[in-house]
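The structure appears right after this line, and notes come after that.
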Amino acid sequence: MKRLVHKTFWKNFKFKYKLTVVNENTLEEVVGIHVSKLNGLSVLLLACSVIFLVAALIIVFTPLRNYLPGYMNSEIRAQVVENALRADSLAEALNRQNLYIMNIQDIISGRVRTDTVNSMDSLTSLRTEELMSRSQEEERFRDEYERKERYNLRSVSERTEVTGLIFYRPSRGMITVGFKPEEKHFGVDLATSSGGSILSALDGTVVFAAFTIEYGYVIQVQHVQNFMTVYKNCGALIKHAGDKVKGGEVIALTGKADKMHAEPHFHFELWHRGQAIDPAKYIVF
């Protein structure tokens with residue numbers, strides 16, 4: 001019985017049908033095609049195979065393959081990194097241009113006297129919150145805070161002089177491990193994206209830039225007023241020892257995740273006169 005059913009199925013599957021095109025006026029047969037279900041399935045599979053082969057050839061031998069995950073070549077990847085660095089540089093240049101225009105407006109309006117600055121560039125670099133008008137709420141908060149901390153000896157002794165300095169955020173990310181000097185952790189760990197930009201916190205000179213076994217790529221920058229910043233666990237270095245850098249300039253790139261951390265991160269330290277200080281007190285991460 002099963003054999004009979006199987007034979008009937010294949011016979012039905014191979015049974016040919018005649019498709020005929022007839023002239024309506026003369027009833028003459030114009031075209032006649034004998035087609036079976038097996039022929040139709042074969043033609044459909046052949047058409048799908050041809051379409052798939054053509055699509056594969058187009059992807060392999062054209063630049064479209066660069067849009068597929070994992071197929072980006074080294075040249076395209078280098079261009080992406082270069083464009084990212086250029087975008088950061090353009091954003092920094094635009095920011096400094098805006099500050100430059102604001103400084104000109106302040107000088108014209110009389111808020112800043114021309115004999116108090118050496119040049120427009122120095123005013124742009126050392127622009128502080130004193131150039132902006134304070135609101136009444138801010139004035140009340142400042143007065144209340146100064147009144148409470150006036151006799152706090154600890155806050156007076158721990159205060160570090162940062163007159164005229166504006167710290168740039170070294171990278172975008174959330175603090176995963178804070179400043180813990182009692183545990184020999186003299187900085188903060190930031191969770192970042194792989195291949196992101198690491199910026200110099202201040203203007204300065206690169207005094208060390210090399211690969212270390214314990215911390216990977218490390219770069220140190222010496223700044224004015226005896227400040228020094230240290231950037232550890234970098235993925236790649238952009239600047240070298242002896243290079244002059246500006247605040248907010250890209251000096252390195254973030255690395256990838258390792259065995260100790262599930263996500264990409266880098267370590268940032270801020271030193272003043274040979275003593276580590278909490279970066280979160282001077283930089284808004």
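Residues in the structure tokens are numbered from 1 in each chain, the chains being A, B, ... in the order shown, and ligands are numbered from 1 in the order shown.
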
If you count only C-alpha atoms, which residues fall within 10 Å of region 173-175 of chain A, apart from same-chain ones fewer than 4 positions away, as a PDB file with C-alpha atoms, in the first residue's frame?
ATOM      1  CA  ARG A 169      37.323  65.748  30.163  1.00  0.00           C
ATOM      2  CA  PHE A 179      39.926  57.531  43.497  1.00  0.00           C
ATOM      3  CA  VAL A 188      39.766  56.840  38.196  1.00  0.00           C
ATOM      4  CA  ASP A 189      38.769  54.111  35.741  1.00  0.00           C
ATOM      5  CA  LEU A 190      36.411  55.135  32.935  1.00  0.00           C
ATOM      6  CA  ALA A 191      34.258  52.723  30.924  1.00  0.00           C
ATOM      7  CA  THR A 192      34.624  53.827  27.307  1.00  0.00           C
ATOM      8  CA  SER A 193      34.022  52.568  23.788  1.00  0.00           C
ATOM      9  CA  PRO A 264      36.770  48.826  27.233  1.00  0.00           C
ATOM     10  CA  HIS A 265      38.222  51.260  29.761  1.00  0.00           C
ATOM     11  CA  PHE A 266      41.203  53.428  30.546  1.00  0.00           C
ATOM     12  CA  HIS A 267      42.807  54.756  33.738  1.00  0.00           C
ATOM     13  CA  ALA A 280      36.586  64.112  39.975  1.00  0.00           C
ATOM     14  CA  PHE A 285      32.983  63.140  33.891  1.00  0.00           C
TER      15      PHE A 285
END

List the spatial neighbours of Val206 (chain A) as a PDB file with C-alpha atoms, in the first residue's frame - criterion: any atom at most 7 Å away, only C-alpha atoms, same-chain residues fewer than 5 positions off excluded.
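This is the output file result-v4.pdb:
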ATOM      1  CA  GLN A 220      52.135  61.274  30.680  1.00  0.00           C
ATOM      2  CA  VAL A 221      51.733  64.994  30.099  1.00  0.00           C
ATOM      3  CA  GLN A 222      53.398  67.748  32.162  1.00  0.00           C
ATOM      4  CA  HIS A 240      55.163  60.988  21.369  1.00  0.00           C
ATOM      5  CA  ALA A 241      57.533  62.127  24.096  1.00  0.00           C
ATOM      6  CA  GLY A 242      58.510  65.768  23.587  1.00  0.00           C
ATOM      7  CA  ASP A 243      55.372  66.762  21.665  1.00  0.00           C
ATOM      8  CA  LYS A 244      53.545  69.939  22.651  1.00  0.00           C
TER       9      LYS A 244
END

>> Report as a list in words all protein, DNA and RNA residues lying within 7 Å of Asn233 (chain A), evaluated on only C-alpha atoms, omitting residues in the same chain fewer than 6 positions from it.
In response: Tyr215, Gly216, Tyr217, Val218, Gly255, Phe266 and His267 of chain A

Take the residues from that selection and write them out as a short mmCIF file (atom, residue, chain, number, x, y, z; two decimals), in the first residue's frame, keeping all heavy atoms.
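Ended up saving to result_31.cif:
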data_model
loop_
_atom_site.label_atom_id
_atom_site.label_comp_id
_atom_site.auth_asym_id
_atom_site.auth_seq_id
_atom_site.Cartn_x
_atom_site.Cartn_y
_atom_site.Cartn_z
N TYR A 215 50.47 48.15 32.37
CA TYR A 215 49.36 49.06 32.07
C TYR A 215 49.15 49.27 30.57
O TYR A 215 48.39 50.13 30.18
CB TYR A 215 49.59 50.42 32.73
CG TYR A 215 49.67 50.36 34.23
CD1 TYR A 215 50.89 50.55 34.88
CD2 TYR A 215 48.54 50.10 35.00
CE1 TYR A 215 50.97 50.49 36.26
CE2 TYR A 215 48.61 50.04 36.38
CZ TYR A 215 49.83 50.23 37.01
OH TYR A 215 49.91 50.16 38.37
N GLY A 216 49.80 48.50 29.71
CA GLY A 216 49.64 48.68 28.28
C GLY A 216 50.27 50.00 27.83
O GLY A 216 51.31 50.43 28.35
N TYR A 217 49.64 50.67 26.88
CA TYR A 217 50.15 51.96 26.41
C TYR A 217 49.86 53.03 27.46
O TYR A 217 48.73 53.19 27.91
CB TYR A 217 49.51 52.35 25.08
CG TYR A 217 50.02 51.55 23.90
CD1 TYR A 217 49.27 50.51 23.37
CD2 TYR A 217 51.27 51.82 23.34
CE1 TYR A 217 49.75 49.76 22.30
CE2 TYR A 217 51.74 51.09 22.28
CZ TYR A 217 50.99 50.06 21.75
OH TYR A 217 51.46 49.33 20.70
N VAL A 218 50.91 53.77 27.82
CA VAL A 218 50.82 54.81 28.85
C VAL A 218 51.40 56.10 28.29
O VAL A 218 52.43 56.09 27.59
CB VAL A 218 51.59 54.41 30.13
CG1 VAL A 218 51.52 55.53 31.16
CG2 VAL A 218 51.01 53.13 30.71
N GLY A 255 41.46 51.50 24.34
CA GLY A 255 41.71 50.13 23.92
C GLY A 255 40.46 49.27 23.96
O GLY A 255 39.34 49.75 24.00
N PHE A 266 39.84 52.94 30.38
CA PHE A 266 41.20 53.43 30.55
C PHE A 266 41.29 54.13 31.90
O PHE A 266 40.30 54.55 32.49
CB PHE A 266 41.62 54.33 29.38
CG PHE A 266 41.37 55.80 29.60
CD1 PHE A 266 42.39 56.65 29.95
CD2 PHE A 266 40.10 56.33 29.43
CE1 PHE A 266 42.17 58.00 30.14
CE2 PHE A 266 39.86 57.67 29.61
CZ PHE A 266 40.91 58.51 29.98
N HIS A 267 42.54 54.24 32.40
CA HIS A 267 42.81 54.76 33.74
C HIS A 267 43.39 56.16 33.61
O HIS A 267 44.31 56.40 32.83
CB HIS A 267 43.79 53.82 34.45
CG HIS A 267 44.15 54.26 35.83
ND1 HIS A 267 43.34 54.03 36.93
CD2 HIS A 267 45.23 54.95 36.30
CE1 HIS A 267 43.92 54.53 38.00
NE2 HIS A 267 45.06 55.10 37.65
#

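Candidate residues A:Tyr282, A:Tyr231, A:Phe61, A:Trp271 were compared for distance to Leu165 (chain A), and the nearest is A:Tyr282, using only C-alpha atoms.
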
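Distances to Tyr168 (chain A) were evaluated for A:Ile283, A:Val21, A:Ala56, A:Leu64 using only C-alpha atoms, and the minimum falls at A:Ile283.
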
>> Ranking A:Leu199, A:Phe13, A:Gly247, A:Ile238 by minimum distance to Leu38 (chain A) and counting only C-alpha atoms, which one comes first?
In response: A:Phe13
